[in-house]
>>> print(open('entry-v4.txt').read())   # compact mmCIF, C-alpha atoms
# COMPACT_ATOMS: atom_id res chain seq x y z
CA MET A 1 125.05 16.02 -37.18
CA ALA A 2 125.71 12.57 -35.73
CA ARG A 3 125.94 12.22 -31.96
CA PHE A 4 126.72 9.24 -29.77
CA LEU A 5 124.06 8.27 -27.24
CA LYS A 6 126.26 5.38 -26.06
CA THR A 7 129.93 4.45 -26.61
CA GLY A 8 132.13 1.43 -25.96
CA LYS A 9 135.79 1.06 -24.94
CA THR A 10 138.38 3.49 -26.27
CA LYS A 11 141.05 2.61 -28.82
CA GLU A 12 143.70 3.05 -26.12
CA GLU A 13 142.06 0.48 -23.86
CA LEU A 14 141.77 -1.98 -26.72
CA ALA A 15 145.44 -1.50 -27.66
CA VAL A 16 146.60 -2.58 -24.18
CA GLN A 17 144.64 -5.83 -24.46
CA ALA A 18 145.98 -6.51 -27.95
CA ALA A 19 149.61 -6.08 -26.86
CA GLN A 20 149.23 -8.76 -24.20
CA VAL A 21 147.77 -11.21 -26.73
CA THR A 22 150.59 -10.49 -29.20
CA GLU A 23 153.34 -11.46 -26.75
CA THR A 24 151.59 -14.64 -25.65
CA VAL A 25 151.06 -15.82 -29.21
CA LYS A 26 154.62 -15.06 -30.27
CA SER A 27 156.07 -17.24 -27.50
CA ILE A 28 153.80 -20.15 -28.43
CA LEU A 29 154.68 -19.94 -32.12
CA ASP A 30 158.41 -19.81 -31.34
CA ASP A 31 158.11 -22.86 -29.09
CA ILE A 32 156.21 -24.90 -31.69
CA GLU A 33 158.67 -23.95 -34.43
CA LYS A 34 161.54 -25.24 -32.28
CA ASN A 35 159.91 -28.27 -30.72
CA GLY A 36 157.20 -29.41 -33.14
CA ASP A 37 154.81 -32.11 -32.00
CA SER A 38 155.98 -32.12 -28.38
CA ALA A 39 155.19 -28.41 -28.02
CA VAL A 40 151.84 -28.84 -29.76
CA ARG A 41 150.97 -31.63 -27.33
CA ASN A 42 152.05 -29.56 -24.32
CA TYR A 43 149.79 -26.67 -25.29
CA SER A 44 146.90 -28.98 -26.09
CA GLU A 45 147.21 -30.52 -22.63
CA ARG A 46 147.56 -27.10 -21.00
CA PHE A 47 144.72 -25.28 -22.75
CA ASP A 48 142.30 -28.05 -23.75
CA LYS A 49 143.26 -30.89 -21.38
CA TRP A 50 143.55 -33.03 -24.51
CA SER A 51 146.42 -35.39 -25.26
CA PRO A 52 145.27 -38.35 -27.39
CA GLU A 53 147.61 -40.86 -28.99
CA GLY A 54 147.24 -38.93 -32.23
CA PHE A 55 145.45 -35.68 -33.06
CA LYS A 56 144.48 -36.83 -36.56
CA LEU A 57 141.25 -38.78 -36.80
CA SER A 58 141.29 -41.98 -38.86
CA GLN A 59 138.51 -42.66 -41.35
CA GLU A 60 137.18 -45.35 -38.99
CA GLN A 61 137.07 -42.85 -36.12
CA ILE A 62 135.33 -40.27 -38.31
CA GLU A 63 132.67 -42.76 -39.37
CA GLU A 64 132.13 -43.85 -35.77
CA ILE A 65 131.76 -40.22 -34.62
CA ILE A 66 129.30 -39.42 -37.42
CA SER A 67 127.20 -42.43 -36.44
CA THR A 68 126.52 -40.77 -33.07
CA VAL A 69 125.05 -37.63 -34.66
CA PRO A 70 121.22 -37.57 -34.88
CA GLY A 71 119.85 -38.05 -38.39
CA GLU A 72 117.99 -34.73 -38.33
CA THR A 73 121.24 -32.93 -37.51
CA ILE A 74 122.95 -34.59 -40.46
CA LYS A 75 120.09 -33.47 -42.73
CA ASP A 76 120.32 -29.92 -41.40
CA ILE A 77 124.07 -29.86 -42.06
CA GLU A 78 123.53 -31.23 -45.57
CA PHE A 79 120.87 -28.58 -46.26
CA ALA A 80 123.18 -25.78 -45.13
CA GLN A 81 126.08 -27.17 -47.15
CA ALA A 82 123.89 -27.40 -50.24
CA GLN A 83 123.17 -23.66 -49.97
CA ILE A 84 126.82 -22.74 -49.42
CA ARG A 85 127.92 -25.00 -52.28
CA ARG A 86 125.30 -23.56 -54.65
CA PHE A 87 126.39 -19.97 -54.02
CA ALA A 88 130.11 -20.80 -54.12
CA GLU A 89 129.68 -22.59 -57.45
CA ALA A 90 127.80 -19.58 -58.81
CA GLN A 91 130.61 -17.30 -57.67
CA LYS A 92 133.22 -19.54 -59.26
CA SER A 93 131.32 -19.53 -62.55
CA ALA A 94 131.73 -15.74 -62.62
CA LEU A 95 135.53 -16.18 -62.69
CA ARG A 96 137.12 -17.23 -65.95
CA ASP A 97 140.53 -17.62 -67.50
CA ILE A 98 141.25 -15.13 -70.25
CA GLU A 99 143.63 -14.80 -73.19
CA VAL A 100 143.64 -11.74 -75.45
CA GLU A 101 145.73 -10.60 -78.40
CA THR A 102 146.60 -7.05 -77.34
CA LEU A 103 148.78 -6.35 -80.40
CA PRO A 104 149.37 -8.44 -83.51
CA GLY A 105 151.30 -11.50 -82.31
CA VAL A 106 151.20 -10.49 -78.62
CA PHE A 107 149.04 -12.67 -76.40
CA LEU A 108 148.39 -11.99 -72.70
CA GLY A 109 146.28 -14.02 -70.35
CA HIS A 110 145.56 -15.16 -66.85
CA LYS A 111 144.65 -18.45 -65.23
CA ASN A 112 142.76 -18.92 -61.98
CA ILE A 113 144.79 -21.58 -60.18
CA PRO A 114 143.61 -23.10 -56.86
CA VAL A 115 145.97 -22.96 -53.90
CA ASN A 116 147.45 -26.44 -53.41
CA SER A 117 146.79 -26.88 -49.69
CA VAL A 118 144.65 -25.09 -47.11
CA GLY A 119 144.26 -25.39 -43.34
CA CYS A 120 140.82 -24.57 -41.99
CA TYR A 121 140.21 -23.64 -38.37
CA ILE A 122 136.77 -24.41 -36.95
CA PRO A 123 136.34 -22.82 -33.49
CA GLY A 124 134.98 -24.69 -30.50
CA GLY A 125 134.80 -23.58 -26.89
CA ARG A 126 131.46 -22.32 -25.64
CA TYR A 127 130.08 -22.31 -29.17
CA PRO A 128 131.02 -25.23 -31.45
CA MET A 129 131.07 -23.39 -34.79
CA VAL A 130 129.74 -26.19 -36.97
CA ALA A 131 128.94 -23.73 -39.76
CA SER A 132 132.59 -22.73 -40.11
CA ALA A 133 133.26 -26.16 -41.61
CA HIS A 134 130.88 -25.39 -44.46
CA MET A 135 132.25 -21.90 -44.96
CA SER A 136 135.91 -22.91 -45.14
CA VAL A 137 136.33 -26.58 -46.06
CA LEU A 138 133.48 -26.78 -48.55
CA THR A 139 134.29 -23.47 -50.23
CA ALA A 140 137.94 -24.49 -50.64
CA LYS A 141 136.85 -27.75 -52.24
CA VAL A 142 134.52 -25.94 -54.65
CA ALA A 143 137.51 -23.77 -55.61
CA GLY A 144 139.47 -26.92 -56.45
CA VAL A 145 141.99 -27.04 -53.58
CA LYS A 146 143.66 -30.48 -53.66
CA ARG A 147 144.41 -30.86 -49.94
CA VAL A 148 142.14 -29.34 -47.32
CA ILE A 149 142.87 -30.10 -43.67
CA ALA A 150 140.75 -28.96 -40.76
CA CYS A 151 141.32 -28.48 -37.04
CA THR A 152 138.78 -28.09 -34.27
CA PRO A 153 139.33 -28.27 -30.52
CA PRO A 154 137.74 -30.77 -28.16
CA ILE A 155 135.07 -29.25 -25.92
CA ASN A 156 135.57 -30.03 -22.24
CA GLY A 157 137.49 -33.13 -23.20
CA GLU A 158 134.75 -34.35 -25.53
CA ILE A 159 134.77 -34.78 -29.31
CA PRO A 160 132.42 -32.26 -31.03
CA ALA A 161 130.64 -34.89 -33.11
CA ALA A 162 128.46 -32.55 -35.19
CA THR A 163 131.49 -30.43 -36.12
CA VAL A 164 133.46 -33.51 -37.19
CA ALA A 165 130.47 -34.64 -39.25
CA ALA A 166 130.30 -31.24 -40.95
CA MET A 167 134.04 -31.29 -41.70
CA SER A 168 133.77 -34.73 -43.24
CA LEU A 169 130.63 -33.96 -45.26
CA ALA A 170 132.26 -30.76 -46.50
CA GLY A 171 135.14 -32.82 -47.94
CA ALA A 172 138.06 -32.38 -45.52
CA ASP A 173 140.98 -34.59 -46.49
CA GLU A 174 142.41 -34.66 -42.95
CA ILE A 175 140.66 -33.87 -39.65
CA TYR A 176 142.52 -33.05 -36.45
CA LEU A 177 141.15 -32.62 -32.94
CA LEU A 178 143.38 -29.72 -32.07
CA GLY A 179 142.58 -26.14 -31.11
CA GLY A 180 143.92 -22.68 -30.48
CA VAL A 181 147.27 -21.19 -31.41
CA GLN A 182 148.82 -24.65 -31.42
CA ALA A 183 146.48 -25.73 -34.24
CA MET A 184 147.27 -22.65 -36.32
CA ALA A 185 151.00 -23.12 -35.81
CA ALA A 186 150.91 -26.83 -36.62
CA MET A 187 149.03 -26.22 -39.86
CA ALA A 188 151.19 -23.29 -40.97
CA ILE A 189 154.64 -24.38 -39.81
CA GLY A 190 154.19 -28.15 -39.95
CA THR A 191 155.38 -30.72 -37.44
CA GLU A 192 156.69 -34.26 -37.53
CA THR A 193 153.13 -35.57 -38.00
CA ILE A 194 151.29 -32.67 -39.63
CA GLN A 195 152.33 -31.52 -43.08
CA GLY A 196 152.17 -27.74 -43.36
CA VAL A 197 149.78 -25.92 -45.70
CA ASP A 198 149.99 -22.94 -48.04
CA MET A 199 147.06 -20.99 -46.59
CA LEU A 200 145.12 -20.62 -43.32
CA VAL A 201 141.44 -19.71 -43.16
CA GLY A 202 138.67 -19.51 -40.60
CA PRO A 203 137.60 -17.46 -37.58
CA GLY A 204 138.69 -17.83 -33.98
CA ASN A 205 139.24 -16.02 -30.71
CA ALA A 206 141.71 -13.19 -30.18
CA PHE A 207 144.64 -15.60 -29.81
CA VAL A 208 143.78 -17.54 -32.97
CA ALA A 209 143.36 -14.30 -34.92
CA GLU A 210 146.71 -13.01 -33.65
CA ALA A 211 148.39 -16.30 -34.57
CA LYS A 212 147.04 -15.94 -38.08
CA ARG A 213 148.37 -12.37 -38.23
CA GLN A 214 151.86 -13.42 -37.11
CA LEU A 215 151.91 -16.39 -39.51
CA PHE A 216 150.84 -14.30 -42.49
CA GLY A 217 153.65 -14.18 -45.02
CA ARG A 218 154.86 -17.64 -44.14
CA VAL A 219 151.43 -18.74 -45.38
CA GLY A 220 148.55 -16.94 -46.99
CA ILE A 221 145.41 -16.11 -45.02
CA ASP A 222 141.81 -15.30 -45.84
CA LEU A 223 141.63 -12.20 -43.64
CA LEU A 224 142.23 -11.04 -40.08
CA ALA A 225 138.97 -11.73 -38.29
CA GLY A 226 138.66 -10.18 -34.84
CA PRO A 227 135.63 -10.30 -32.52
CA THR A 228 132.41 -10.38 -34.50
CA GLU A 229 130.66 -7.06 -35.10
CA VAL A 230 127.08 -6.11 -35.85
CA LEU A 231 125.60 -2.81 -36.94
CA VAL A 232 121.86 -2.25 -37.24
CA ILE A 233 120.69 0.76 -39.24
CA ALA A 234 117.07 1.57 -38.48
CA ASP A 235 114.55 4.33 -39.02
CA GLU A 236 111.17 5.09 -37.48
CA THR A 237 109.54 2.23 -39.45
CA SER A 238 111.48 -0.38 -37.49
CA ASP A 239 110.61 -1.76 -34.08
CA ALA A 240 112.73 -2.06 -30.97
CA GLU A 241 112.16 -5.80 -30.45
CA ILE A 242 113.78 -6.73 -33.77
CA VAL A 243 116.62 -4.22 -33.31
CA ALA A 244 117.40 -5.44 -29.78
CA THR A 245 117.14 -9.11 -30.73
CA ASP A 246 119.51 -8.72 -33.65
CA LEU A 247 122.04 -6.69 -31.66
CA LEU A 248 122.11 -9.22 -28.81
CA GLY A 249 122.12 -12.11 -31.28
CA GLN A 250 125.65 -11.11 -32.28
CA ALA A 251 126.78 -9.66 -28.95
CA GLU A 252 126.47 -13.16 -27.49
CA HIS A 253 129.49 -14.26 -29.56
CA GLY A 254 131.86 -12.92 -26.93
CA PRO A 255 132.31 -10.22 -24.28
CA THR A 256 134.36 -8.10 -26.70
CA SER A 257 131.94 -8.21 -29.65
CA PRO A 258 130.89 -4.70 -30.73
CA ALA A 259 127.20 -4.05 -31.42
CA ALA A 260 126.05 -0.70 -32.79
CA LEU A 261 122.81 0.99 -33.73
CA ILE A 262 122.62 3.89 -36.15
CA THR A 263 119.17 5.44 -36.30
CA THR A 264 117.31 8.52 -37.41
CA SER A 265 114.81 8.03 -34.57
CA GLU A 266 115.68 8.97 -31.00
CA LYS A 267 112.42 7.33 -29.92
CA LEU A 268 113.55 4.02 -31.42
CA ALA A 269 116.98 4.39 -29.79
CA ASN A 270 115.46 4.82 -26.32
CA GLU A 271 113.02 1.96 -26.85
CA THR A 272 115.86 -0.28 -28.01
CA VAL A 273 117.85 0.35 -24.83
CA LYS A 274 114.83 -0.64 -22.74
CA GLU A 275 114.16 -3.68 -24.91
CA ILE A 276 117.76 -4.85 -24.63
CA GLU A 277 117.51 -4.74 -20.84
CA ARG A 278 114.22 -6.66 -20.98
CA GLN A 279 115.63 -9.38 -23.22
CA LEU A 280 118.79 -9.73 -21.14
CA GLU A 281 116.61 -10.82 -18.24
CA THR A 282 115.76 -14.08 -20.04
CA LEU A 283 118.45 -14.61 -22.70
CA GLU A 284 120.41 -17.79 -21.97
CA THR A 285 123.65 -16.18 -23.07
CA ALA A 286 122.98 -12.93 -21.21
CA ASP A 287 126.25 -13.12 -19.25
CA VAL A 288 128.26 -12.72 -22.46
CA ALA A 289 125.82 -10.50 -24.37
CA ARG A 290 125.45 -8.07 -21.45
CA ALA A 291 129.21 -7.66 -21.09
CA ALA A 292 129.57 -7.04 -24.82
CA TRP A 293 126.75 -4.52 -24.90
CA ASN A 294 127.88 -2.66 -21.79
CA GLU A 295 131.55 -2.46 -22.80
CA TYR A 296 131.39 -2.40 -26.61
CA GLY A 297 127.86 -1.33 -27.53
CA SER A 298 127.15 2.04 -29.16
CA ILE A 299 124.21 4.06 -30.42
CA ILE A 300 124.56 6.85 -32.99
CA LEU A 301 121.71 9.24 -33.70
CA VAL A 302 121.76 10.77 -37.19
CA ASP A 303 119.65 13.36 -39.01
CA SER A 304 119.27 11.57 -42.35
CA LEU A 305 119.80 8.33 -44.22
CA GLU A 306 122.72 9.95 -46.05
CA GLU A 307 124.35 10.67 -42.71
CA ALA A 308 123.62 7.09 -41.67
CA VAL A 309 125.55 5.88 -44.73
CA ALA A 310 128.49 8.14 -43.87
CA GLU A 311 128.63 6.96 -40.25
CA ALA A 312 128.22 3.31 -41.24
CA ASP A 313 131.08 3.57 -43.73
CA LYS A 314 133.27 5.04 -40.97
CA LEU A 315 132.55 2.04 -38.73
CA ALA A 316 133.07 -0.42 -41.62
CA TYR A 317 131.50 -3.22 -39.58
CA GLU A 318 131.39 -6.90 -40.38
CA HIS A 319 127.62 -7.50 -40.37
CA VAL A 320 125.25 -4.67 -41.27
CA GLU A 321 121.50 -5.12 -40.97
CA ILE A 322 119.28 -2.59 -42.71
CA LEU A 323 115.90 -2.15 -41.02
CA THR A 324 114.64 0.91 -42.88
CA GLU A 325 111.75 1.69 -45.22
CA ASP A 326 114.05 1.39 -48.26
CA PRO A 327 116.83 -1.12 -47.44
CA ARG A 328 118.33 -1.16 -50.94
CA PHE A 329 119.26 2.51 -50.59
CA PHE A 330 122.13 1.25 -48.44
CA LEU A 331 123.08 -1.48 -50.91
CA GLU A 332 123.39 1.21 -53.55
CA ASN A 333 125.27 3.74 -51.41
CA MET A 334 127.33 1.97 -48.73
CA THR A 335 130.89 0.92 -49.59
CA ASN A 336 132.36 -0.47 -46.33
CA PHE A 337 130.75 -3.62 -44.95
CA GLY A 338 131.48 -7.32 -44.65
CA ALA A 339 127.95 -8.43 -45.51
CA LEU A 340 124.62 -6.62 -45.81
CA PHE A 341 121.32 -8.03 -44.57
CA LEU A 342 118.45 -6.17 -46.19
CA GLY A 343 115.06 -5.87 -44.50
CA PRO A 344 113.45 -7.40 -41.40
CA GLU A 345 112.86 -10.75 -43.12
CA THR A 346 116.64 -11.23 -43.33
CA ASN A 347 119.04 -11.40 -40.40
CA VAL A 348 122.66 -12.14 -39.52
CA ALA A 349 121.88 -15.59 -38.11
CA TYR A 350 120.70 -16.72 -41.54
CA GLY A 351 123.99 -15.63 -43.06
CA ASP A 352 126.04 -17.11 -40.24
CA LYS A 353 124.50 -20.56 -40.46
CA VAL A 354 122.59 -21.53 -43.55
CA ILE A 355 121.51 -19.11 -46.28
CA GLY A 356 124.56 -19.65 -48.51
CA THR A 357 126.83 -16.61 -48.22
CA ASN A 358 130.07 -17.00 -46.29
CA HIS A 359 130.24 -16.02 -42.63
CA THR A 360 134.00 -15.45 -42.43
CA LEU A 361 134.02 -11.67 -42.85
CA PRO A 362 136.30 -8.66 -42.29
CA THR A 363 136.30 -6.96 -38.88
CA LYS A 364 138.11 -4.03 -37.24
CA GLY A 365 137.61 -1.78 -40.27
CA ALA A 366 139.07 -4.24 -42.76
CA SER A 367 135.97 -4.00 -44.94
CA ARG A 368 137.47 -0.72 -46.17
CA TYR A 369 139.80 -2.82 -48.34
CA THR A 370 138.57 -6.42 -48.47
CA GLY A 371 135.47 -8.54 -48.63
CA GLY A 372 134.98 -11.81 -46.80
CA LEU A 373 136.00 -15.38 -47.50
CA TRP A 374 134.68 -16.71 -50.81
CA VAL A 375 135.66 -19.16 -53.48
CA GLY A 376 137.93 -16.58 -55.13
CA LYS A 377 140.14 -16.35 -52.01
CA PHE A 378 141.36 -19.87 -52.74
CA LEU A 379 142.31 -19.02 -56.32
CA LYS A 380 145.50 -17.34 -57.50
CA THR A 381 144.95 -15.24 -60.62
CA CYS A 382 148.28 -15.76 -62.37
CA THR A 383 149.25 -13.98 -65.58
CA TYR A 384 151.23 -15.22 -68.56
CA GLN A 385 152.46 -13.78 -71.85
CA GLU A 386 153.42 -15.20 -75.20
CA ILE A 387 154.78 -13.39 -78.27
CA ARG A 388 154.22 -15.53 -81.34
CA THR A 389 156.01 -13.59 -84.09
CA PRO A 390 159.53 -12.14 -84.42
CA GLU A 391 158.07 -8.86 -85.69
CA ALA A 392 156.06 -8.39 -82.50
CA SER A 393 159.05 -9.23 -80.29
CA ALA A 394 161.28 -6.73 -82.09
CA MET A 395 158.64 -4.02 -81.91
CA ILE A 396 158.01 -4.50 -78.17
CA GLY A 397 161.79 -4.76 -77.65
CA GLU A 398 162.42 -1.30 -79.08
CA TYR A 399 160.02 0.25 -76.57
CA ALA A 400 161.34 -1.92 -73.74
CA GLU A 401 165.01 -1.07 -74.29
CA ARG A 402 164.33 2.67 -74.15
CA LEU A 403 162.19 2.32 -71.00
CA CYS A 404 164.84 0.13 -69.34
CA HIS A 405 167.53 2.69 -70.23
CA LEU A 406 165.33 5.40 -68.67
CA GLU A 407 165.50 3.49 -65.36
CA ASN A 408 169.22 2.59 -65.64
CA PHE A 409 168.53 -1.15 -65.88
CA ALA A 410 171.35 -2.26 -68.18
CA GLY A 411 170.66 -5.98 -67.86
CA HIS A 412 166.97 -5.51 -68.54
CA ARG A 413 167.84 -3.35 -71.55
CA GLU A 414 170.12 -6.04 -72.95
CA GLN A 415 167.29 -8.60 -72.79
CA ALA A 416 165.26 -6.32 -75.01
CA LEU A 417 168.11 -5.37 -77.34
CA LEU A 418 169.04 -9.01 -77.93
CA ARG A 419 165.53 -9.65 -79.26
CA VAL A 420 165.62 -6.49 -81.35
CA ARG A 421 168.94 -7.50 -82.96
CA ARG A 422 167.85 -11.06 -83.56
CA TYR A 423 164.22 -10.73 -84.50
CA LYS A 424 164.28 -7.45 -86.38
CA LYS A 425 166.84 -9.04 -88.71
CA GLU A 426 164.61 -12.11 -89.10
CA SER A 427 161.53 -10.04 -89.86
CA VAL A 428 163.44 -8.03 -92.50
CA HIS A 429 164.58 -11.25 -94.21
CA GLN A 430 161.04 -12.57 -94.18
>>> encode(input="entry-v4.txt", output="structure tokens")
Amino acid sequence: MARFLKTGKTKEELAVQAAQVTETVKSILDDIEKNGDSAVRNYSERFDKWSPEGFKLSQEQIEEIISTVPGETIKDIEFAQAQIRRFAEAQKSALRDIEVETLPGVFLGHKNIPVNSVGCYIPGGRYPMVASAHMSVLTAKVAGVKRVIACTPPINGEIPAATVAAMSLAGADEIYLLGGVQAMAAMAIGTETIQGVDMLVGPGNAFVAEAKRQLFGRVGIDLLAGPTEVLVIADETSDAEIVATDLLGQAEHGPTSPAALITTSEKLANETVKEIERQLETLETADVARAAWNEYGSIILVDSLEEAVAEADKLAYEHVEILTEDPRFFLENMTNFGALFLGPETNVAYGDKVIGTNHTLPTKGASRYTGGLWVGKFLKTCTYQEIRTPEASAMIGEYAERLCHLENFAGHREQALLRVRRYKKESVHQ
């Protein structure tokens, strides 16, 4: 039977924090909807101390910014983007339009149609999330989106040059130096100078995620991404140094990032706790990682790998590392995860930055019903139908009119009956 050796904050405590964020975001969105660019500028000044003549970067500005980025950094970005592009193209090739004749003369099909315009948010702050440009902008372009715009905030009043370079190399059609809720609102609602989009994608802090939630419906979204999560599943064959490193490697994202260990070995669990404390003594981001581990970290001791699967599926975490003797057992048996990382040679950092899979993934249990961002998220699978013979229309119409009558839809029934009267007569004459 599973038992918790360590737990994080309760659901009640988390709910109080979420309510405060909700109210703040709502007031900002309302203000921007009423006042457009002036409100966007006010919030940019207030939160980012950033009020340029225009938030959109010109092509000349973009080229000048890219020229300041070291050549090796450009090569690293290009390498990462090549991996993301390769995997996204492979995913797209698995999707195809179809058309089938389901009955004589009755043809049904679907087309995969790219969304027309997408707004991508690339976070900044303490961690300039360069990789998010690849994951969102580039993947949208592979999908065939015509207009892809991207926003990223300035960092301490400075332009994040590497992020701008990644946005441009990924194929962004418009780049804006704008962050936070004001960026999400501007992209979704539109202002005097920013044309709104059909869909928002990308990760962000609690306020950005809440803005996306409140804007959903007005625009489409990829998913609701909360604080990043990591789960390590380990048995007695694993070692505490790897487990601790990989837990802290995600806990450093933010002080509210959950990190969990599920293990069949109490010895490993105890060694991991000690190793975490040892590593926190020297980790450069220990202030954030320690807060996350202390407040949101958990350890679950289980009796078997089957029980580990059951507990992992209950958590439904974003990133799940498998450090067991047979990692693929979890690939075959787990159902709720954002992304799996199988074996000690693999790790979350690879997936986050360079290996080719997308790092925008479901959190807060959302992996129970959705996967992460991928090329298919930018495609609408739209159906169509075509009946090519009067005989087929009359035959379908006879079924349809009875089924419409069953539901008391007189107008629907008349649509069917009209075809029966017209086309049954034609088919008889033929």
>>> residues_around(input="entry-v4.txt", residues="region 385-400 of chain A", least_positions_apart="2", cutoff="12 Å", atoms="all atoms listed in the file", output="NGL selection string")
:A and (98-111 or 382-383 or 402-407 or 409-430)
>>> closest_residue(input="entry-v4.txt", among="A:Tyr369, A:Tyr127, A:Phe329, A:Phe216", to="Glu252 (chain A)", atoms="all atoms listed in the file")
A:Tyr127
>>> residues_around(input="entry-v4.txt", residues="Leu177 (chain A)", least_positions_apart="6", cutoff="6 Å", atoms="all atoms listed in the file", output="ChimeraX atom specification")
/A:55,151-153
>>> write_last_selection(input="entry-v4.txt", atoms="C-alpha atoms", output="compact mmCIF listing (two decimals), keeping the file's coordinate frame")
# COMPACT_ATOMS: atom_id res chain seq x y z
CA PHE A 55 145.45 -35.68 -33.06
CA CYS A 151 141.32 -28.48 -37.04
CA THR A 152 138.78 -28.09 -34.27
CA PRO A 153 139.33 -28.27 -30.52
>>> residues_around(input="entry-v4.txt", residues="Ala240 (chain A)", least_positions_apart="4", cutoff="7 Å", atoms="all atoms listed in the file", output="list in words")
Ala244, Leu268, Glu271, Thr272 and Glu275 of chain A
>>> closest_residue(input="entry-v4.txt", among="A:Ile233, A:Val375, A:Ile242, A:Ala312", to="Pro344 (chain A)", atoms="all atoms listed in the file")
A:Ile242
>>> atom_distance(input="entry-v4.txt", atom1="CA of Arg218 (chain A)", atom2="CA of Val142 (chain A)")
24.4 Å
>>> closest_residue(input="entry-v4.txt", among="A:Ala209, A:Ile84, A:Val197, A:Ile322", to="Val118 (chain A)", atoms="all atoms listed in the file")
A:Val197
>>> closest_residue(input="entry-v4.txt", among="A:Glu64, A:Gln20, A:Leu178, A:Ser168", to="Trp50 (chain A)", atoms="all atoms listed in the file")
A:Leu178
>>> residues_around(input="entry-v4.txt", residues="Gln250 (chain A)", least_positions_apart="2", cutoff="12 Å", atoms="all atoms listed in the file", output="ChimeraX atom specification")
/A:227-232,243-248,252-260,285-286,288-290,292-293,296-297,318-321,347-352
>>> residues_around(input="entry-v4.txt", residues="Lys364 (chain A)", least_positions_apart="4", cutoff="8 Å", atoms="only C-alpha atoms", output="number ranges by chain")
A: 225-226, 316-318
>>> write_last_selection(input="entry-v4.txt", atoms="C-alpha atoms", output="PDB file, keeping the file's coordinate frame")
ATOM      1  CA  ALA A 225     138.970 -11.730 -38.290  1.00  0.00           C
ATOM      2  CA  GLY A 226     138.660 -10.180 -34.840  1.00  0.00           C
ATOM      3  CA  ALA A 316     133.070  -0.420 -41.620  1.00  0.00           C
ATOM      4  CA  TYR A 317     131.500  -3.220 -39.580  1.00  0.00           C
ATOM      5  CA  GLU A 318     131.390  -6.900 -40.380  1.00  0.00           C
TER       6      GLU A 318
END
>>> atom_distance(input="entry-v4.txt", atom1="CA of Ser38 (chain A)", atom2="CA of Ala211 (chain A)")
18.6 Å
>>> closest_residue(input="entry-v4.txt", among="A:Asn294, A:Asn333, A:Thr381, A:Asn156", to="Lys49 (chain A)", atoms="all atoms listed in the file")
A:Asn156
>>> closest_residue(input="entry-v4.txt", among="A:Thr237, A:Asn112, A:Asn408, A:Thr163", to="Val145 (chain A)", atoms="all atoms listed in the file")
A:Asn112
